[in-house]
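So the structure is just underneath, and the comments pick up after that.
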Amino acid sequence: MKVEYEDLLTATGDYAKDTLTIGGVVVKGMQFGIMYHATVVSGLLGVGFPGIEFLASSGYGEYNNLPILLANQGYIQSAAYSLWLNGEHGTSGSILFGGVDTDKFYGSLVALPLVQGRDPSIEEFYVTLQGVQMRDAAGNLITLNGGSSPDPVVLDSGTTFTLLPAAIAESIFTVVNAVISNGAAYVDCSLASSLFTVEYTFTGITISVPISQLILPQNFSLPISQSVLPQSPSPTQCPFGIQSSTIGVSILGDTFLSSAYVVYDLDNKKAHLAQAVINATSENIVEIGSGPNAVPSVTGVHTSPKSTASCTPTTSNTHTTTTSMTTPTPKPAPCNHVRFPLTYSVGMK
């Protein structure tokens, strides 16, 4: 079997089934690919809807991936999981199968129904983004061209950048004085210390992303292939975490998700959003149930996030087995009953 991802990386090998043991949990009948020859250097764990797994999208039929198996085998109550990237462009954090950690987000989780994306026959994690705006260091609103137009966007942990419609992206580039080189946007690296924010508004919630989360290191390597971005146009320029979409799809990737706490509910076709707590040092895990209201109505930390927009590198303090969770571009992600929700640290890069 040959797999080709949307960024043209390939892998050749066979599919197999075996018993998977993670953190003391034994998952039977786990289907996976064995790569013999590949330009992909990182392992990929499919946690999305079965319809977007490679075999299904290639016409070979669907199979139950890890989230579905965890639910079917009684380890978690439903196919739902929480993703907390903990800032730093998704280089640390955790994925929590079957549970919600209320110490990792502010306020209340807001449920957003999934909407039709580019292909109505494929289930992906598209939600409606109502608008995008910016604020300067003084908190003054900066209106963006095209920023008030609703747009279906996919919440995709497998994409590093945030890809926005050209009008919005170019308006943001103007505000931050971005330079376009080899088709990519770069900004002055010193912008990381400013207090500008980009705000993404959904029905019932606005997620604020500090500019520090959008300034990537000059030698930043892309996940999966570990390829390096084109050389910065000058020694003072860094890659910018927002790019103009050239593929006809708007994607909220790691540079958005690093500031959000997201619960992916496959069973009910919903995504639940809240502003993430960065560098949280405690946990309070509540189990996700089953049925139409499986994700509990819980409240997170009440403190204002304004004082916690830190981008200091950190590692997850979870106490369970570590694994890697990455998905091909630009496909999003999903999960499953737990006598205890299953937590694993996430290595997105």
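Residues are named by chain letter and number: chains run A, B, ... in the order of the structure tokens, numbers start at 1 in each chain, and ligands are numbered from 1 in the order shown.
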Could you give me, as a PDB file with C-alpha atoms, in the first residue's frame, the residues within 7 Å of stretch 132-137 of chain A, counting only C-alpha atoms and dropping anything in the same chain fewer than 6 positions from it?
```
ATOM      1  CA  THR A 143     -10.528  45.789  12.212  1.00  0.00           C
ATOM      2  CA  LEU A 144      -9.291  43.471   9.486  1.00  0.00           C
ATOM      3  CA  GLY A 147     -12.466  39.658   9.092  1.00  0.00           C
ATOM      4  CA  SER A 148     -16.210  39.814   9.670  1.00  0.00           C
ATOM      5  CA  SER A 194       4.857  42.832  21.860  1.00  0.00           C
ATOM      6  CA  LEU A 195       1.371  42.600  23.355  1.00  0.00           C
ATOM      7  CA  PHE A 196      -0.582  42.390  20.098  1.00  0.00           C
ATOM      8  CA  THR A 197      -3.238  39.670  19.940  1.00  0.00           C
ATOM      9  CA  VAL A 198      -5.289  38.018  17.217  1.00  0.00           C
ATOM     10  CA  GLU A 199      -8.864  37.214  18.219  1.00  0.00           C
ATOM     11  CA  TYR A 200     -10.945  34.447  16.649  1.00  0.00           C
ATOM     12  CA  THR A 201     -14.676  34.768  17.276  1.00  0.00           C
TER      13      THR A 201
END
```
What's around stretch 164-179 of chain A at 9 Å? Count only C-alpha atoms, leave out sequence neighbours fewer than 2 positions away in its own chain, and write the answer as a PDB file with N, CA and C atoms, in the first residue's frame.
```pdb
ATOM      1  N   VAL A 132     -12.495  37.445  12.550  1.00  0.00           N
ATOM      2  CA  VAL A 132     -11.133  37.587  13.054  1.00  0.00           C
ATOM      3  C   VAL A 132     -10.830  39.072  13.201  1.00  0.00           C
ATOM      4  N   GLN A 133     -10.208  39.435  14.308  1.00  0.00           N
ATOM      5  CA  GLN A 133      -9.787  40.813  14.523  1.00  0.00           C
ATOM      6  C   GLN A 133      -8.502  40.815  15.326  1.00  0.00           C
ATOM      7  N   MET A 134      -7.894  41.973  15.456  1.00  0.00           N
ATOM      8  CA  MET A 134      -6.675  42.099  16.248  1.00  0.00           C
ATOM      9  C   MET A 134      -6.834  43.196  17.289  1.00  0.00           C
ATOM     10  N   ILE A 142      -8.407  46.427  16.213  1.00  0.00           N
ATOM     11  CA  ILE A 142      -7.929  46.628  14.845  1.00  0.00           C
ATOM     12  C   ILE A 142      -8.826  45.810  13.932  1.00  0.00           C
ATOM     13  N   THR A 143      -9.618  46.474  13.119  1.00  0.00           N
ATOM     14  CA  THR A 143     -10.528  45.789  12.212  1.00  0.00           C
ATOM     15  C   THR A 143      -9.761  45.301  10.990  1.00  0.00           C
ATOM     16  N   LEU A 144     -10.002  44.074  10.595  1.00  0.00           N
ATOM     17  CA  LEU A 144      -9.291  43.471   9.486  1.00  0.00           C
ATOM     18  C   LEU A 144     -10.181  43.359   8.258  1.00  0.00           C
ATOM     19  N   ASN A 145      -9.619  43.557   7.104  1.00  0.00           N
ATOM     20  CA  ASN A 145     -10.350  43.414   5.848  1.00  0.00           C
ATOM     21  C   ASN A 145     -10.824  41.971   5.696  1.00  0.00           C
ATOM     22  N   GLY A 146     -12.113  41.786   5.538  1.00  0.00           N
ATOM     23  CA  GLY A 146     -12.673  40.448   5.394  1.00  0.00           C
ATOM     24  C   GLY A 146     -12.828  39.701   6.702  1.00  0.00           C
ATOM     25  N   GLY A 147     -12.465  40.341   7.803  1.00  0.00           N
ATOM     26  CA  GLY A 147     -12.466  39.658   9.092  1.00  0.00           C
ATOM     27  C   GLY A 147     -13.819  39.403   9.694  1.00  0.00           C
ATOM     28  N   ASP A 151     -16.717  31.907   8.056  1.00  0.00           N
ATOM     29  CA  ASP A 151     -15.935  31.019   7.211  1.00  0.00           C
ATOM     30  C   ASP A 151     -15.831  29.659   7.881  1.00  0.00           C
ATOM     31  N   VAL A 153     -13.917  26.602   9.061  1.00  0.00           N
ATOM     32  CA  VAL A 153     -12.500  26.350   9.308  1.00  0.00           C
ATOM     33  C   VAL A 153     -12.354  24.981   9.951  1.00  0.00           C
ATOM     34  N   THR A 162      -1.645  28.485  10.855  1.00  0.00           N
ATOM     35  CA  THR A 162      -3.031  28.857  10.670  1.00  0.00           C
ATOM     36  C   THR A 162      -3.155  29.423   9.271  1.00  0.00           C
ATOM     37  N   SER A 181       8.276  36.008   1.388  1.00  0.00           N
ATOM     38  CA  SER A 181       9.464  35.476   0.723  1.00  0.00           C
ATOM     39  C   SER A 181       9.223  34.012   0.386  1.00  0.00           C
ATOM     40  N   ALA A 184       5.981  32.531   1.622  1.00  0.00           N
ATOM     41  CA  ALA A 184       5.707  32.441   3.061  1.00  0.00           C
ATOM     42  C   ALA A 184       5.874  33.817   3.709  1.00  0.00           C
ATOM     43  N   ALA A 185       5.112  34.050   4.779  1.00  0.00           N
ATOM     44  CA  ALA A 185       5.158  35.337   5.484  1.00  0.00           C
ATOM     45  C   ALA A 185       6.159  35.283   6.627  1.00  0.00           C
ATOM     46  N   TYR A 186       6.969  36.345   6.735  1.00  0.00           N
ATOM     47  CA  TYR A 186       7.950  36.485   7.814  1.00  0.00           C
ATOM     48  C   TYR A 186       7.752  37.846   8.472  1.00  0.00           C
ATOM     49  N   VAL A 187       8.041  37.910   9.769  1.00  0.00           N
ATOM     50  CA  VAL A 187       7.955  39.174  10.502  1.00  0.00           C
ATOM     51  C   VAL A 187       9.228  39.364  11.316  1.00  0.00           C
ATOM     52  N   ASP A 188       9.402  40.577  11.824  1.00  0.00           N
ATOM     53  CA  ASP A 188      10.557  40.844  12.666  1.00  0.00           C
ATOM     54  C   ASP A 188      10.453  40.007  13.939  1.00  0.00           C
ATOM     55  N   LEU A 191       8.966  41.102  17.329  1.00  0.00           N
ATOM     56  CA  LEU A 191       7.523  41.249  17.522  1.00  0.00           C
ATOM     57  C   LEU A 191       6.999  40.289  18.581  1.00  0.00           C
ATOM     58  N   VAL A 198      -4.340  38.306  18.286  1.00  0.00           N
ATOM     59  CA  VAL A 198      -5.289  38.018  17.217  1.00  0.00           C
ATOM     60  C   VAL A 198      -6.466  37.293  17.856  1.00  0.00           C
ATOM     61  N   PRO A 233      14.272  35.820   5.050  1.00  0.00           N
ATOM     62  CA  PRO A 233      14.813  36.849   4.156  1.00  0.00           C
ATOM     63  C   PRO A 233      15.902  37.707   4.788  1.00  0.00           C
ATOM     64  N   GLN A 237      14.363  38.297  10.659  1.00  0.00           N
ATOM     65  CA  GLN A 237      13.020  37.867  10.290  1.00  0.00           C
ATOM     66  C   GLN A 237      12.755  36.430  10.726  1.00  0.00           C
ATOM     67  N   PHE A 240       6.147  33.530  10.283  1.00  0.00           N
ATOM     68  CA  PHE A 240       4.920  33.978  10.941  1.00  0.00           C
ATOM     69  C   PHE A 240       3.923  32.831  10.961  1.00  0.00           C
ATOM     70  N   ILE A 242       0.747  32.695  10.875  1.00  0.00           N
ATOM     71  CA  ILE A 242      -0.447  32.815  10.031  1.00  0.00           C
ATOM     72  C   ILE A 242       0.022  32.955   8.600  1.00  0.00           C
ATOM     73  N   GLN A 243      -0.568  32.181   7.709  1.00  0.00           N
ATOM     74  CA  GLN A 243      -0.228  32.242   6.301  1.00  0.00           C
ATOM     75  C   GLN A 243      -1.523  32.360   5.492  1.00  0.00           C
ATOM     76  N   SER A 244      -1.391  32.816   4.278  1.00  0.00           N
ATOM     77  CA  SER A 244      -2.536  32.905   3.370  1.00  0.00           C
ATOM     78  C   SER A 244      -2.802  31.533   2.770  1.00  0.00           C
ATOM     79  N   SER A 245      -4.036  31.081   2.852  1.00  0.00           N
ATOM     80  CA  SER A 245      -4.378  29.763   2.331  1.00  0.00           C
ATOM     81  C   SER A 245      -4.376  29.775   0.806  1.00  0.00           C
ATOM     82  N   THR A 246      -3.680  28.794   0.250  1.00  0.00           N
ATOM     83  CA  THR A 246      -3.634  28.657  -1.206  1.00  0.00           C
ATOM     84  C   THR A 246      -4.307  27.358  -1.656  1.00  0.00           C
ATOM     85  N   GLY A 248      -7.656  26.583  -0.820  1.00  0.00           N
ATOM     86  CA  GLY A 248      -9.105  26.696  -0.794  1.00  0.00           C
ATOM     87  C   GLY A 248      -9.745  26.252   0.503  1.00  0.00           C
ATOM     88  N   VAL A 249      -8.947  26.062   1.546  1.00  0.00           N
ATOM     89  CA  VAL A 249      -9.433  25.613   2.850  1.00  0.00           C
ATOM     90  C   VAL A 249      -8.819  26.494   3.929  1.00  0.00           C
ATOM     91  N   SER A 250      -9.627  26.909   4.892  1.00  0.00           N
ATOM     92  CA  SER A 250      -9.111  27.652   6.045  1.00  0.00           C
ATOM     93  C   SER A 250      -8.854  26.671   7.178  1.00  0.00           C
ATOM     94  N   ILE A 251      -7.643  26.726   7.742  1.00  0.00           N
ATOM     95  CA  ILE A 251      -7.227  25.767   8.758  1.00  0.00           C
ATOM     96  C   ILE A 251      -6.741  26.500  10.005  1.00  0.00           C
ATOM     97  N   LEU A 252      -7.287  26.135  11.144  1.00  0.00           N
ATOM     98  CA  LEU A 252      -6.770  26.624  12.421  1.00  0.00           C
ATOM     99  C   LEU A 252      -5.844  25.541  12.954  1.00  0.00           C
TER     100      LEU A 252
END
```
Using DSSP secondary structure from the backbone, list all strand (DSSP E or B) positions within stretch 73-212 of chain A, as a ChimeraX atom specification. /A:80-84,94-97,99-101,105-113,126-129,131-135,141-142,151-155,162-164,179-181,184-188,197-202,205-210
With only C-alpha atoms as the basis for distance, which of A:Thr203, A:Phe256, A:Gln218, A:Pro50 is at the shortest distance from A:Ile68? A:Pro50
Tell me which of A:Ala138, A:Ala71, A:Ile288, A:Val277 sits closest to A:His302, counting only C-alpha atoms.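 Counting only C-alpha atoms, the residue closest to A:His302 is A:Val277.
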Taking the backbone alone, and naming residues the way the document does, which bits of stretch 35-263 of chain A are alpha helix (DSSP H) by DSSP, as a ChimeraX atom specification? /A:54-57,66-72,166-175,254-257
For the residues in the current selection, export N, CA and C atoms as a CSV table (one decimal), in the first residue's frame.
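Below is the file that was written, out_2.csv:
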```csv
chain,number,residue,atom,x,y,z
A,54,PHE,N,-6.8,6.9,5.8
A,54,PHE,CA,-6.3,6.7,4.4
A,54,PHE,C,-7.0,5.6,3.7
A,55,LEU,N,-7.2,4.5,4.3
A,55,LEU,CA,-7.9,3.4,3.6
A,55,LEU,C,-9.3,3.8,3.1
A,56,ALA,N,-10.0,4.4,4.0
A,56,ALA,CA,-11.4,4.8,3.7
A,56,ALA,C,-11.4,5.8,2.6
A,57,SER,N,-10.5,6.9,2.7
A,57,SER,CA,-10.5,7.9,1.7
A,57,SER,C,-10.0,7.4,0.3
A,66,LEU,N,-8.0,4.2,16.8
A,66,LEU,CA,-7.8,4.1,18.3
A,66,LEU,C,-8.9,4.7,19.1
A,67,PRO,N,-9.4,5.9,18.8
A,67,PRO,CA,-10.5,6.4,19.6
A,67,PRO,C,-11.7,5.5,19.6
A,68,ILE,N,-12.1,5.0,18.5
A,68,ILE,CA,-13.3,4.1,18.4
A,68,ILE,C,-13.0,2.8,19.1
A,69,LEU,N,-11.9,2.2,19.0
A,69,LEU,CA,-11.6,1.0,19.7
A,69,LEU,C,-11.6,1.2,21.2
A,70,LEU,N,-11.1,2.3,21.7
A,70,LEU,CA,-11.1,2.6,23.1
A,70,LEU,C,-12.5,2.6,23.7
A,71,ALA,N,-13.4,3.2,22.9
A,71,ALA,CA,-14.8,3.3,23.3
A,71,ALA,C,-15.5,1.9,23.2
A,72,ASN,N,-15.3,1.3,22.1
A,72,ASN,CA,-15.9,0.0,21.8
A,72,ASN,C,-15.5,-1.1,22.9
A,166,ALA,N,-7.2,34.8,1.9
A,166,ALA,CA,-6.2,35.8,1.5
A,166,ALA,C,-6.5,37.2,2.0
A,167,ALA,N,-7.7,37.7,2.0
A,167,ALA,CA,-8.0,39.0,2.4
A,167,ALA,C,-7.7,39.3,3.9
A,168,ILE,N,-8.1,38.3,4.7
A,168,ILE,CA,-7.8,38.4,6.2
A,168,ILE,C,-6.3,38.3,6.4
A,169,ALA,N,-5.7,37.3,5.8
A,169,ALA,CA,-4.3,37.1,6.0
A,169,ALA,C,-3.5,38.4,5.6
A,170,GLU,N,-3.7,38.9,4.4
A,170,GLU,CA,-3.0,40.1,4.0
A,170,GLU,C,-3.2,41.3,4.8
A,171,SER,N,-4.4,41.4,5.4
A,171,SER,CA,-4.7,42.5,6.3
A,171,SER,C,-3.9,42.4,7.6
A,172,ILE,N,-3.7,41.1,8.1
A,172,ILE,CA,-2.9,40.9,9.3
A,172,ILE,C,-1.4,41.2,8.9
A,173,PHE,N,-1.0,40.8,7.7
A,173,PHE,CA,0.4,41.0,7.3
A,173,PHE,C,0.7,42.5,7.3
A,174,THR,N,-0.3,43.3,6.9
A,174,THR,CA,0.0,44.7,6.9
A,174,THR,C,0.2,45.3,8.3
A,175,VAL,N,-0.6,44.8,9.2
A,175,VAL,CA,-0.5,45.3,10.6
A,175,VAL,C,0.8,44.9,11.2
A,254,ASP,N,-1.7,24.5,14.7
A,254,ASP,CA,-1.1,24.6,16.0
A,254,ASP,C,-1.0,26.0,16.5
A,255,THR,N,-0.7,27.0,15.6
A,255,THR,CA,-0.5,28.3,16.1
A,255,THR,C,-1.8,29.0,16.6
A,256,PHE,N,-3.0,28.3,16.3
A,256,PHE,CA,-4.2,28.7,17.0
A,256,PHE,C,-4.5,27.8,18.2
A,257,LEU,N,-4.4,26.5,17.9
A,257,LEU,CA,-4.7,25.5,19.0
A,257,LEU,C,-3.8,25.6,20.2
```
What does the distance between atom CA of A:Ile215 and atom CA of A:Leu83 come to in Å, to one decimal place? 21.6 Å
Hey, which of A:Leu44, A:Ala260, A:Ala38, A:Val295 ends up closest to A:Leu85? Count only C-alpha atoms. A:Ala260
What does the distance between atom CA of A:Gln77 and atom CA of A:Val263 come to in Å, to one decimal place?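 If I compute the distance from atom CA of A:Gln77 to atom CA of A:Val263, I get 14.3 Å.
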